[in-house]
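Source file: start.cif; contents: mmCIF, C-alpha atoms and all ligand atoms.
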data_entry
#
loop_
_atom_site.label_atom_id
_atom_site.label_comp_id
_atom_site.auth_asym_id
_atom_site.auth_seq_id
_atom_site.Cartn_x
_atom_site.Cartn_y
_atom_site.Cartn_z
CA MET A 606 14.62 -17.11 -25.40
CA VAL A 607 16.05 -14.85 -28.11
CA ALA A 608 13.47 -12.36 -29.39
CA ASP A 609 12.81 -11.79 -33.02
CA THR A 610 12.60 -8.08 -32.35
CA ASP A 611 11.59 -7.22 -35.92
CA THR A 612 8.35 -9.08 -35.53
CA THR A 613 7.56 -9.36 -31.80
CA SER A 614 5.09 -6.69 -30.75
CA TRP A 615 4.52 -5.36 -27.24
CA ALA A 616 1.03 -6.91 -27.35
CA GLU A 617 2.56 -10.36 -27.90
CA LEU A 618 5.07 -9.76 -25.14
CA HIS A 619 2.23 -8.67 -22.85
CA GLN A 620 0.45 -11.98 -23.46
CA GLN A 621 3.63 -13.93 -22.72
CA THR A 622 4.10 -11.89 -19.54
CA VAL A 623 0.57 -12.61 -18.32
CA GLU A 624 1.09 -16.33 -18.87
CA ARG A 625 4.45 -16.39 -17.10
CA LEU A 626 3.22 -14.36 -14.12
CA ARG A 627 0.11 -16.55 -13.82
CA ALA A 628 2.30 -19.66 -13.87
CA ALA A 629 4.34 -18.09 -11.06
CA GLY A 630 1.14 -17.75 -8.99
CA ILE A 631 0.79 -13.96 -9.27
CA GLU A 632 -2.86 -13.00 -8.80
CA ASN A 633 -2.96 -9.67 -10.56
CA ALA A 634 -1.02 -10.95 -13.59
CA PRO A 635 -2.74 -8.88 -16.36
CA ASN A 636 -2.20 -5.55 -14.59
CA GLU A 637 1.29 -6.38 -13.43
CA ALA A 638 2.15 -7.49 -16.96
CA ARG A 639 0.92 -4.18 -18.33
CA TRP A 640 3.01 -2.19 -15.81
CA ILE A 641 6.10 -4.24 -16.67
CA ILE A 642 5.50 -3.68 -20.38
CA GLU A 643 5.02 0.05 -19.88
CA ARG A 644 8.23 0.25 -17.83
CA ALA A 645 10.21 -1.62 -20.51
CA ALA A 646 8.65 0.30 -23.39
CA GLY A 647 8.77 3.67 -21.63
CA ASP A 648 5.26 4.58 -22.86
CA PRO A 649 1.62 3.74 -22.07
CA TYR A 650 0.60 0.30 -23.34
CA ARG A 651 -2.05 1.65 -25.75
CA LEU A 652 0.63 3.65 -27.58
CA VAL A 653 3.05 0.76 -28.02
CA ALA A 654 0.87 -2.37 -28.25
CA ASP A 655 1.35 -2.82 -32.04
CA LYS A 656 4.93 -1.57 -32.15
CA PRO A 657 7.95 -3.89 -32.45
CA VAL A 658 10.10 -4.47 -29.38
CA THR A 659 13.73 -3.30 -29.53
CA VAL A 660 16.58 -5.56 -28.41
CA ARG A 661 17.42 -3.25 -25.52
CA SER A 662 13.89 -3.03 -24.15
CA HIS A 663 13.41 -6.79 -24.63
CA HIS A 664 16.43 -7.35 -22.38
CA HIS A 665 14.98 -5.02 -19.74
CA TRP A 666 11.60 -6.80 -19.99
CA ARG A 667 13.18 -10.24 -19.58
CA LEU A 668 15.10 -9.23 -16.45
CA MET A 669 11.98 -7.72 -14.87
CA VAL A 670 9.86 -10.79 -15.58
CA GLU A 671 12.52 -13.10 -14.15
CA ARG A 672 12.79 -11.04 -10.98
CA ARG A 673 9.02 -10.97 -10.52
CA GLU A 674 8.80 -14.74 -11.15
CA ALA A 675 11.36 -15.17 -8.36
CA GLY A 676 8.97 -13.41 -5.97
CA GLU A 677 10.59 -9.96 -5.78
CA PRO A 678 7.94 -7.29 -5.05
CA LEU A 679 6.66 -5.54 -8.16
CA GLN A 680 7.67 -2.12 -6.78
CA TYR A 681 11.34 -3.14 -6.61
CA VAL A 682 11.17 -4.78 -10.03
CA LEU A 683 9.75 -1.61 -11.59
CA GLU A 684 12.15 0.49 -9.46
CA ARG A 685 9.47 3.13 -9.03
CA TRP A 686 6.19 3.47 -7.25
CA PRO A 687 3.61 6.25 -6.90
CA PHE A 688 3.28 8.02 -3.59
CA ARG A 689 0.74 10.85 -3.48
CA ARG A 690 1.79 13.15 -6.37
CA LEU A 691 5.28 11.69 -6.69
CA GLU A 692 6.71 8.74 -8.51
CA LEU A 693 9.50 7.55 -6.23
CA PHE A 694 12.52 5.49 -7.18
CA VAL A 695 12.57 2.47 -4.86
CA ASP A 696 14.79 -0.58 -4.50
CA ARG A 697 15.70 -3.07 -1.79
CA ARG A 698 17.57 -0.42 0.20
CA VAL A 699 14.27 1.17 1.28
CA LEU A 700 10.85 0.21 2.53
CA ILE A 701 8.19 0.30 -0.17
CA PRO A 702 6.09 3.42 0.59
CA ARG A 703 2.61 2.42 1.78
CA PRO A 704 -0.84 4.00 1.22
CA GLU A 705 -1.34 4.54 4.99
CA THR A 706 1.70 6.82 4.97
CA GLU A 707 0.02 8.93 2.28
CA VAL A 708 -2.69 9.68 4.87
CA VAL A 709 -0.03 10.57 7.45
CA VAL A 710 1.24 13.25 5.04
CA ASP A 711 -2.26 14.84 5.03
CA ALA A 712 -1.98 15.28 8.80
CA VAL A 713 1.55 16.67 8.47
CA LEU A 714 0.36 19.23 5.90
CA ASP A 715 -2.67 20.17 8.04
CA GLU A 716 -0.50 20.74 11.09
CA HIS A 717 2.01 22.67 9.01
CA ALA A 718 -0.74 24.90 7.61
CA ARG A 719 -1.61 25.84 11.20
CA VAL A 720 1.84 26.26 12.72
CA GLY A 721 4.27 26.81 9.79
CA GLY A 722 8.02 26.43 10.31
CA ALA A 723 10.36 23.63 9.32
CA VAL A 724 9.22 20.03 8.85
CA VAL A 725 11.45 17.17 9.99
CA ASP A 726 10.91 13.64 8.64
CA LEU A 727 12.63 11.09 10.89
CA GLY A 728 13.54 7.82 9.11
CA THR A 729 12.93 9.24 5.66
CA GLY A 730 13.73 6.03 3.71
CA SER A 731 12.88 6.73 0.08
CA GLY A 732 12.07 10.33 1.09
CA ALA A 733 8.33 9.71 0.74
CA ILE A 734 7.14 12.04 3.52
CA ALA A 735 9.87 14.70 3.23
CA LEU A 736 9.63 15.01 -0.54
CA SER A 737 5.82 15.04 -0.55
CA VAL A 738 5.90 17.99 1.86
CA ALA A 739 8.50 19.77 -0.26
CA SER A 740 6.50 19.17 -3.39
CA GLU A 741 3.03 19.99 -2.02
CA ARG A 742 4.09 22.89 0.22
CA PRO A 743 6.78 24.57 -1.92
CA GLY A 744 9.30 26.71 -0.08
CA THR A 745 8.97 24.77 3.22
CA GLU A 746 12.24 23.99 4.95
CA VAL A 747 12.29 20.19 5.12
CA TRP A 748 14.78 17.95 6.89
CA GLY A 749 14.95 14.22 6.13
CA VAL A 750 16.90 12.13 8.68
CA GLU A 751 18.00 8.58 7.92
CA ARG A 752 20.35 6.20 9.74
CA SER A 753 20.96 3.87 6.81
CA PRO A 754 23.45 5.29 4.27
CA ASP A 755 21.97 2.94 1.66
CA ALA A 756 18.47 4.29 2.20
CA LEU A 757 19.79 7.84 2.22
CA ALA A 758 21.28 7.28 -1.25
CA VAL A 759 17.78 6.41 -2.50
CA ALA A 760 16.29 9.51 -0.82
CA ARG A 761 19.00 11.63 -2.47
CA ALA A 762 18.17 10.18 -5.89
CA ASN A 763 14.51 11.01 -5.35
CA CYS A 764 15.43 14.47 -4.14
CA THR A 765 17.39 15.07 -7.34
CA GLY A 766 14.39 13.84 -9.32
CA LEU A 767 12.23 16.51 -7.69
CA GLY A 768 14.26 19.30 -9.30
CA ARG A 769 13.68 22.87 -8.10
CA ARG A 770 11.00 21.87 -5.60
CA ALA A 771 13.73 20.07 -3.61
CA ARG A 772 15.86 23.15 -3.08
CA THR A 773 14.61 23.56 0.51
CA VAL A 774 15.20 19.89 1.41
CA ARG A 775 18.18 18.80 3.50
CA LEU A 776 18.88 15.08 3.87
CA VAL A 777 21.10 14.10 6.79
CA GLU A 778 22.56 10.83 8.01
CA GLY A 779 22.25 9.85 11.67
CA SER A 780 19.98 8.59 14.40
CA TRP A 781 16.71 10.45 14.98
CA PHE A 782 17.15 13.98 16.43
CA ALA A 783 20.92 13.57 16.92
CA ALA A 784 21.33 14.09 13.16
CA LEU A 785 19.81 17.58 13.24
CA PRO A 786 21.75 20.84 13.66
CA ASP A 787 21.46 22.37 17.12
CA GLU A 788 19.93 25.60 15.74
CA LEU A 789 16.72 23.68 15.02
CA ARG A 790 16.16 22.90 18.70
CA GLY A 791 12.85 24.51 19.75
CA GLU A 792 12.25 25.81 16.19
CA VAL A 793 10.61 22.93 14.29
CA GLY A 794 6.98 23.31 13.16
CA VAL A 795 6.19 19.63 12.56
CA VAL A 796 8.12 16.49 13.44
CA ALA A 797 6.86 13.66 11.23
CA SER A 798 7.91 10.04 11.30
CA ASN A 799 7.04 6.63 10.00
CA PRO A 800 9.52 4.77 12.22
CA PRO A 801 9.99 1.01 12.59
CA TYR A 802 7.09 -0.27 14.75
CA VAL A 803 6.72 -4.02 14.18
CA PRO A 804 7.36 -6.13 17.32
CA ASP A 805 10.40 -8.41 16.91
CA ALA A 806 8.35 -11.60 17.21
CA ALA A 807 5.39 -10.49 15.05
CA GLU A 808 4.83 -12.38 11.83
CA LEU A 809 5.26 -10.46 8.61
CA PRO A 810 4.03 -11.46 5.15
CA ASP A 811 6.64 -13.65 3.42
CA ASP A 812 7.49 -11.15 0.70
CA VAL A 813 8.00 -8.36 3.26
CA GLU A 814 10.21 -10.54 5.45
CA ARG A 815 12.24 -11.78 2.50
CA TRP A 816 12.74 -8.58 0.50
CA GLU A 817 12.24 -5.42 2.54
CA PRO A 818 14.95 -3.98 4.87
CA ILE A 819 14.28 -5.45 8.31
CA ASP A 820 15.84 -2.45 10.11
CA ALA A 821 13.07 -0.33 8.63
CA LEU A 822 10.40 -2.47 10.26
CA ARG A 823 11.26 -4.11 13.58
CA ALA A 824 11.40 -2.17 16.85
CA GLY A 825 11.91 -4.36 19.92
CA ASP A 826 9.62 -6.62 21.92
CA ASP A 827 6.54 -4.39 21.72
CA GLY A 828 7.44 -2.53 18.52
CA LEU A 829 7.56 0.76 20.42
CA ALA A 830 11.32 1.09 20.98
CA ASP A 831 11.78 3.80 18.33
CA ILE A 832 8.44 5.53 18.92
CA ARG A 833 9.40 5.85 22.62
CA VAL A 834 12.61 7.70 21.74
CA ILE A 835 10.94 9.95 19.16
CA VAL A 836 8.01 10.92 21.41
CA ALA A 837 10.30 11.52 24.41
CA GLU A 838 12.68 13.82 22.50
CA ALA A 839 10.31 15.61 20.11
CA ALA A 840 9.03 18.35 22.45
CA GLU A 841 12.55 19.72 22.86
CA TRP A 842 12.82 20.26 19.09
CA LEU A 843 9.33 21.61 18.44
CA ALA A 844 8.44 25.29 18.51
CA PRO A 845 5.58 26.22 20.89
CA GLY A 846 2.38 24.95 19.26
CA GLY A 847 4.40 22.64 16.99
CA ALA A 848 3.10 19.15 16.22
CA LEU A 849 4.34 15.60 16.31
CA VAL A 850 2.86 13.19 13.74
CA VAL A 851 3.96 9.55 14.06
CA GLU A 852 2.72 6.50 12.18
CA HIS A 853 2.26 3.31 14.25
CA GLY A 854 0.72 -0.16 14.14
CA ASP A 855 -3.07 -0.49 14.31
CA ASP A 856 -2.94 -1.81 17.89
CA GLN A 857 -0.48 0.81 19.17
CA GLY A 858 -2.87 3.80 19.41
CA PRO A 859 -3.48 3.66 23.20
CA ALA A 860 0.20 3.08 24.04
CA THR A 861 1.33 5.88 21.74
CA ARG A 862 -1.21 8.35 23.16
CA ALA A 863 -0.02 7.44 26.66
CA LEU A 864 3.60 8.10 25.65
CA ALA A 865 2.61 11.50 24.23
CA ALA A 866 0.71 12.39 27.41
CA SER A 867 3.64 11.52 29.66
CA ALA A 868 5.95 13.59 27.44
CA GLY A 869 3.70 16.61 28.13
CA PHE A 870 1.96 16.89 24.74
CA THR A 871 -1.55 18.33 24.47
CA GLU A 872 -4.42 17.92 22.00
CA ILE A 873 -3.44 14.29 21.54
CA ARG A 874 -5.40 12.34 18.96
CA THR A 875 -5.08 9.26 16.79
CA GLY A 876 -5.63 9.40 13.05
CA THR A 877 -7.03 6.50 11.03
CA ASP A 878 -6.06 5.00 7.70
CA LEU A 879 -8.40 4.53 4.73
CA ALA A 880 -9.73 1.32 6.31
CA GLY A 881 -10.59 3.18 9.55
CA ARG A 882 -7.81 1.58 11.63
CA GLU A 883 -5.89 3.66 14.21
CA ARG A 884 -2.60 4.38 12.44
CA PHE A 885 -0.94 7.60 13.58
CA LEU A 886 -0.49 9.93 16.50
CA VAL A 887 -1.00 13.69 16.24
CA ALA A 888 0.04 15.66 19.32
CA ARG A 889 0.88 19.30 19.94
CA ARG A 890 3.47 20.91 22.13
C1 LIG B 901 9.21 2.25 8.27
S1 LIG B 901 10.59 2.92 7.39
C2 LIG B 901 9.86 4.41 6.73
C3 LIG B 901 10.49 4.92 5.47
C4 LIG B 901 9.74 6.12 4.84
N1 LIG B 901 9.66 7.23 5.76
C5 LIG B 901 8.33 5.72 4.43
O1 LIG B 901 7.38 6.15 5.07
O2 LIG B 901 8.18 4.94 3.47
C6 LIG B 901 11.60 3.49 8.74
C7 LIG B 901 12.90 4.16 8.33
O3 LIG B 901 13.58 4.59 9.53
C8 LIG B 901 14.97 4.34 9.38
N2 LIG B 901 15.54 4.27 10.73
C9 LIG B 901 15.52 3.22 11.59
N3 LIG B 901 16.13 3.55 12.74
C10 LIG B 901 16.54 4.83 12.60
C11 LIG B 901 17.23 5.75 13.46
N4 LIG B 901 17.62 5.40 14.69
N5 LIG B 901 17.47 7.00 12.99
C12 LIG B 901 17.08 7.37 11.74
N6 LIG B 901 16.44 6.55 10.88
C13 LIG B 901 16.17 5.29 11.32
C14 LIG B 901 15.03 3.06 8.59
O4 LIG B 901 16.29 2.88 7.98
C15 LIG B 901 13.88 3.26 7.59
O5 LIG B 901 14.33 3.89 6.42
#
Give the structure from the file, written as structure tokens.
Ligand SMILES: C[S@@+](CC[C@H](N)C(=O)[O-])C[C@H]1O[C@@H](n2cnc3c(N)ncnc32)[C@H](O)[C@@H]1O
Amino acid sequence: MVADTDTTSWAELHQQTVERLRAAGIENAPNEARWIIERAAGDPYRLVADKPVTVRSHHHWRLMVERREAGEPLQYVLERWPFRRLELFVDRRVLIPRPETEVVVDAVLDEHARVGGAVVDLGTGSGAIALSVASERPGTEVWGVERSPDALAVARANCTGLGRRARTVRLVEGSWFAALPDELRGEVGVVASNPPYVPDAAELPDDVERWEPIDALRAGDDGLADIRVIVAEAAEWLAPGGALVVEHGDDQGPATRALAASAGFTEIRTGTDLAGRERFLVARR
């Protein structure tokens, strides 16, 4: 459809968006429509509702609506998503940052307040954990490790977006601790990670399976393949008293605590998400 951009207002386009998203079976159509409009218009809906739509922003709107109608997650369509105090750029190269990981960052900051030192985020993806620490604890030395060069490009874009607060962040490509410089061995205050932890055979929601990077999610028969490596190697990199904080699946608490105990960690506990489910390990060296 060609827009008559002299006369079409954002309010009219909003109504069309709601109808199209509803027809595509999207439950939260009115809100999603508003977010799409705000992204295309570049301003809050209330400020633009009566204003005419430009040709350029109409084009952007049309592409977003088509992508959402095709089932692409809203976060990728909008190319940005809030995470704690940040608005992160996200696309199909990275996992969409989840609310449970926001809670993991609280534990990372608490442990860092106690022990200080550098923070390492293993499997940084969009940079959600690393950049939250850099932004909420300015001046902290933060290392973000990522195996996927594609994901690392997204983390770098988000790092640039953080401006001066990112000056203490280093993003490095490689597998878990092998990507870190040797000087950090025994010196790290907090090792944080939201690694892949979904068992290979476990069912995932259709939109996750179809759109999100599978290497960011699956981790062997029991989902613990990556957690096993991280827990086994972390103590060597932590300073005395340093902490390991690792997100995991809601049925992996006992197994993860057992791994931490056999790796010699102390003060082992499991943190819960906002719904009260066991979702992350906190253990001290
Ligand atoms: C569950 S995602 C978490 C992304 C981000 N930290 C977050 O919380 O939204 C796991 C990330 O670990 C990365 N990853 C998987 N295996 C890795 C490895 N061996 N070394 C480093 N990163 C790895 C994936 O590419 C993915 O970006």
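Note that the spacing between atom CA of Arg884 of chain A and atom CA of Asp855 of chain A amounts to 5.2 Å.
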(request) Tell me which protein, DNA and RNA residues are within 8 Å of Ala839 of chain A, counting all atoms listed in the file, leaving out same-chain ones fewer than 2 positions away, and put them as an MDAnalysis selection string. (result) chainID A and resid 782 796 835:837 841:843 849
Keeping C-alpha atoms for every residue in the selection just given, could you write it to a file as a PDB file, keeping the file's coordinate frame?
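File written: result15.pdb
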ATOM      1  CA  PHE A 782      17.150  13.980  16.430  1.00  0.00           C
ATOM      2  CA  VAL A 796       8.120  16.490  13.440  1.00  0.00           C
ATOM      3  CA  ILE A 835      10.940   9.950  19.160  1.00  0.00           C
ATOM      4  CA  VAL A 836       8.010  10.920  21.410  1.00  0.00           C
ATOM      5  CA  ALA A 837      10.300  11.520  24.410  1.00  0.00           C
ATOM      6  CA  GLU A 841      12.550  19.720  22.860  1.00  0.00           C
ATOM      7  CA  TRP A 842      12.820  20.260  19.090  1.00  0.00           C
ATOM      8  CA  LEU A 843       9.330  21.610  18.440  1.00  0.00           C
ATOM      9  CA  LEU A 849       4.340  15.600  16.310  1.00  0.00           C
TER      10      LEU A 849
END
(request) Name the residues in contact with Thr706 of chain A at a cut-off of 8 Å, using all atoms listed in the file, excluding same-chain residues fewer than 2 positions from it; report them as a list in words. (result) Pro702, Arg703, Pro704, Val708, Val709, Val710, Ile734, Asn799 and Glu852 of chain A
(message) What residues of the protein or nucleic acid chains come within 7 Å of ligand LIG 901 (chain B) when you use only C-alpha atoms and all ligand atoms? Reply as an MDAnalysis selection string.
(response) chainID A and resid 699:703 706 727:734 750:753 756 779:781 798:801 820:822
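Proximity of A:Val738, A:Leu714, A:Ala616, A:Ala848 to Val653 of chain A, computed with only C-alpha atoms, is greatest for A:Ala616.
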(request) Would you mind telling me which residue in A:Glu684, A:Asp805, A:Asp648, A:Glu677 lies nearest to Asp827 of chain A when using only C-alpha atoms? (result) A:Asp805
(request) Considering all atoms listed in the file, return as a ChimeraX atom specification whatever protein or nucleic-acid residues lie within 9 Å of Thr613 of chain A, sequence-local ones (same chain, fewer than 5 positions apart) excluded. (result) /A:608,618,656-659
(request) Please provide the set of residues having any atom within 12 Å of segment 623-625 of chain A, restricted to all atoms listed in the file, with same-chain residues fewer than 6 positions apart removed, written as a PyMOL selection string. (result) chain A and resi 616-617+631-642+667+669-675
Include C-alpha atoms and write out the residues we just selected as a compact mmCIF listing (two decimals), in the frame of the given file.
# COMPACT_ATOMS: atom_id res chain seq x y z
CA ALA A 616 1.03 -6.91 -27.35
CA GLU A 617 2.56 -10.36 -27.90
CA ILE A 631 0.79 -13.96 -9.27
CA GLU A 632 -2.86 -13.00 -8.80
CA ASN A 633 -2.96 -9.67 -10.56
CA ALA A 634 -1.02 -10.95 -13.59
CA PRO A 635 -2.74 -8.88 -16.36
CA ASN A 636 -2.20 -5.55 -14.59
CA GLU A 637 1.29 -6.38 -13.43
CA ALA A 638 2.15 -7.49 -16.96
CA ARG A 639 0.92 -4.18 -18.33
CA TRP A 640 3.01 -2.19 -15.81
CA ILE A 641 6.10 -4.24 -16.67
CA ILE A 642 5.50 -3.68 -20.38
CA ARG A 667 13.18 -10.24 -19.58
CA MET A 669 11.98 -7.72 -14.87
CA VAL A 670 9.86 -10.79 -15.58
CA GLU A 671 12.52 -13.10 -14.15
CA ARG A 672 12.79 -11.04 -10.98
CA ARG A 673 9.02 -10.97 -10.52
CA GLU A 674 8.80 -14.74 -11.15
CA ALA A 675 11.36 -15.17 -8.36
Would you please take segment 813-823 of chain A of the structure in the block above and write all heavy atoms to a file as a short mmCIF file (atom, residue, chain, number, x, y, z; two decimals), in the first residue's frame?
data_model
loop_
_atom_site.label_atom_id
_atom_site.label_comp_id
_atom_site.auth_asym_id
_atom_site.auth_seq_id
_atom_site.Cartn_x
_atom_site.Cartn_y
_atom_site.Cartn_z
N VAL A 813 11.26 -19.11 19.88
CA VAL A 813 12.65 -19.19 20.33
C VAL A 813 13.43 -20.10 19.38
O VAL A 813 14.49 -19.75 18.86
CB VAL A 813 12.72 -19.71 21.79
CG1 VAL A 813 14.17 -19.93 22.21
CG2 VAL A 813 12.01 -18.75 22.74
N GLU A 814 12.87 -21.27 19.16
CA GLU A 814 13.52 -22.28 18.31
C GLU A 814 13.77 -21.73 16.89
O GLU A 814 14.82 -21.95 16.30
CB GLU A 814 12.61 -23.51 18.23
CG GLU A 814 13.17 -24.70 17.50
CD GLU A 814 13.97 -25.61 18.43
OE1 GLU A 814 13.39 -26.17 19.39
OE2 GLU A 814 15.17 -25.76 18.17
N ARG A 815 12.80 -20.98 16.40
CA ARG A 815 12.86 -20.54 15.00
C ARG A 815 13.77 -19.32 14.81
O ARG A 815 14.42 -19.18 13.78
CB ARG A 815 11.44 -20.21 14.56
CG ARG A 815 11.33 -19.88 13.11
CD ARG A 815 9.89 -19.88 12.63
NE ARG A 815 9.81 -19.08 11.42
CZ ARG A 815 8.81 -18.32 11.09
NH1 ARG A 815 7.75 -18.23 11.88
NH2 ARG A 815 8.83 -17.63 9.97
N TRP A 816 13.83 -18.44 15.82
CA TRP A 816 14.49 -17.15 15.59
C TRP A 816 15.77 -16.91 16.39
O TRP A 816 16.62 -16.14 15.96
CB TRP A 816 13.51 -16.01 15.90
CG TRP A 816 12.33 -15.97 14.99
CD1 TRP A 816 11.10 -16.51 15.22
CD2 TRP A 816 12.27 -15.39 13.68
NE1 TRP A 816 10.27 -16.29 14.16
CE2 TRP A 816 10.96 -15.60 13.19
CE3 TRP A 816 13.18 -14.70 12.87
CZ2 TRP A 816 10.55 -15.15 11.94
CZ3 TRP A 816 12.78 -14.25 11.62
CH2 TRP A 816 11.47 -14.48 11.17
N GLU A 817 15.88 -17.51 17.57
CA GLU A 817 17.03 -17.15 18.41
C GLU A 817 18.22 -18.08 18.12
O GLU A 817 18.04 -19.22 17.67
CB GLU A 817 16.64 -17.18 19.89
CG GLU A 817 15.51 -16.18 20.17
CD GLU A 817 15.41 -15.73 21.62
OE1 GLU A 817 16.41 -15.27 22.18
OE2 GLU A 817 14.30 -15.83 22.18
N PRO A 818 19.47 -17.60 18.35
CA PRO A 818 20.64 -18.42 17.98
C PRO A 818 20.74 -19.67 18.86
O PRO A 818 20.84 -19.57 20.08
CB PRO A 818 21.83 -17.49 18.25
CG PRO A 818 21.32 -16.39 19.11
CD PRO A 818 19.84 -16.32 18.94
N ILE A 819 20.70 -20.84 18.24
CA ILE A 819 20.60 -22.09 18.99
C ILE A 819 21.86 -22.35 19.80
O ILE A 819 21.81 -22.92 20.89
CB ILE A 819 20.20 -23.24 18.03
CG1 ILE A 819 19.26 -24.18 18.72
CG2 ILE A 819 21.36 -23.94 17.41
CD1 ILE A 819 17.95 -23.60 19.12
N ASP A 820 23.01 -21.85 19.32
CA ASP A 820 24.27 -22.04 20.06
C ASP A 820 24.29 -21.27 21.37
O ASP A 820 25.14 -21.51 22.22
CB ASP A 820 25.47 -21.55 19.22
CG ASP A 820 25.77 -22.50 18.10
OD1 ASP A 820 25.17 -23.59 18.08
OD2 ASP A 820 26.59 -22.14 17.23
N ALA A 821 23.36 -20.33 21.51
CA ALA A 821 23.28 -19.56 22.75
C ALA A 821 22.44 -20.29 23.79
O ALA A 821 22.39 -19.87 24.94
CB ALA A 821 22.68 -18.18 22.47
N LEU A 822 21.79 -21.37 23.37
CA LEU A 822 20.78 -22.00 24.25
C LEU A 822 21.11 -23.43 24.65
O LEU A 822 21.01 -23.78 25.82
CB LEU A 822 19.43 -21.98 23.52
CG LEU A 822 18.83 -20.59 23.34
CD1 LEU A 822 17.79 -20.59 22.22
CD2 LEU A 822 18.19 -20.15 24.64
N ARG A 823 21.49 -24.26 23.69
CA ARG A 823 21.58 -25.70 23.95
C ARG A 823 22.96 -26.08 24.49
O ARG A 823 23.97 -25.53 24.07
CB ARG A 823 21.33 -26.47 22.66
CG ARG A 823 19.95 -26.18 22.06
CD ARG A 823 19.17 -27.46 21.93
NE ARG A 823 17.87 -27.23 21.32
CZ ARG A 823 16.72 -27.49 21.93
NH1 ARG A 823 16.71 -27.95 23.16
NH2 ARG A 823 15.58 -27.29 21.31
#
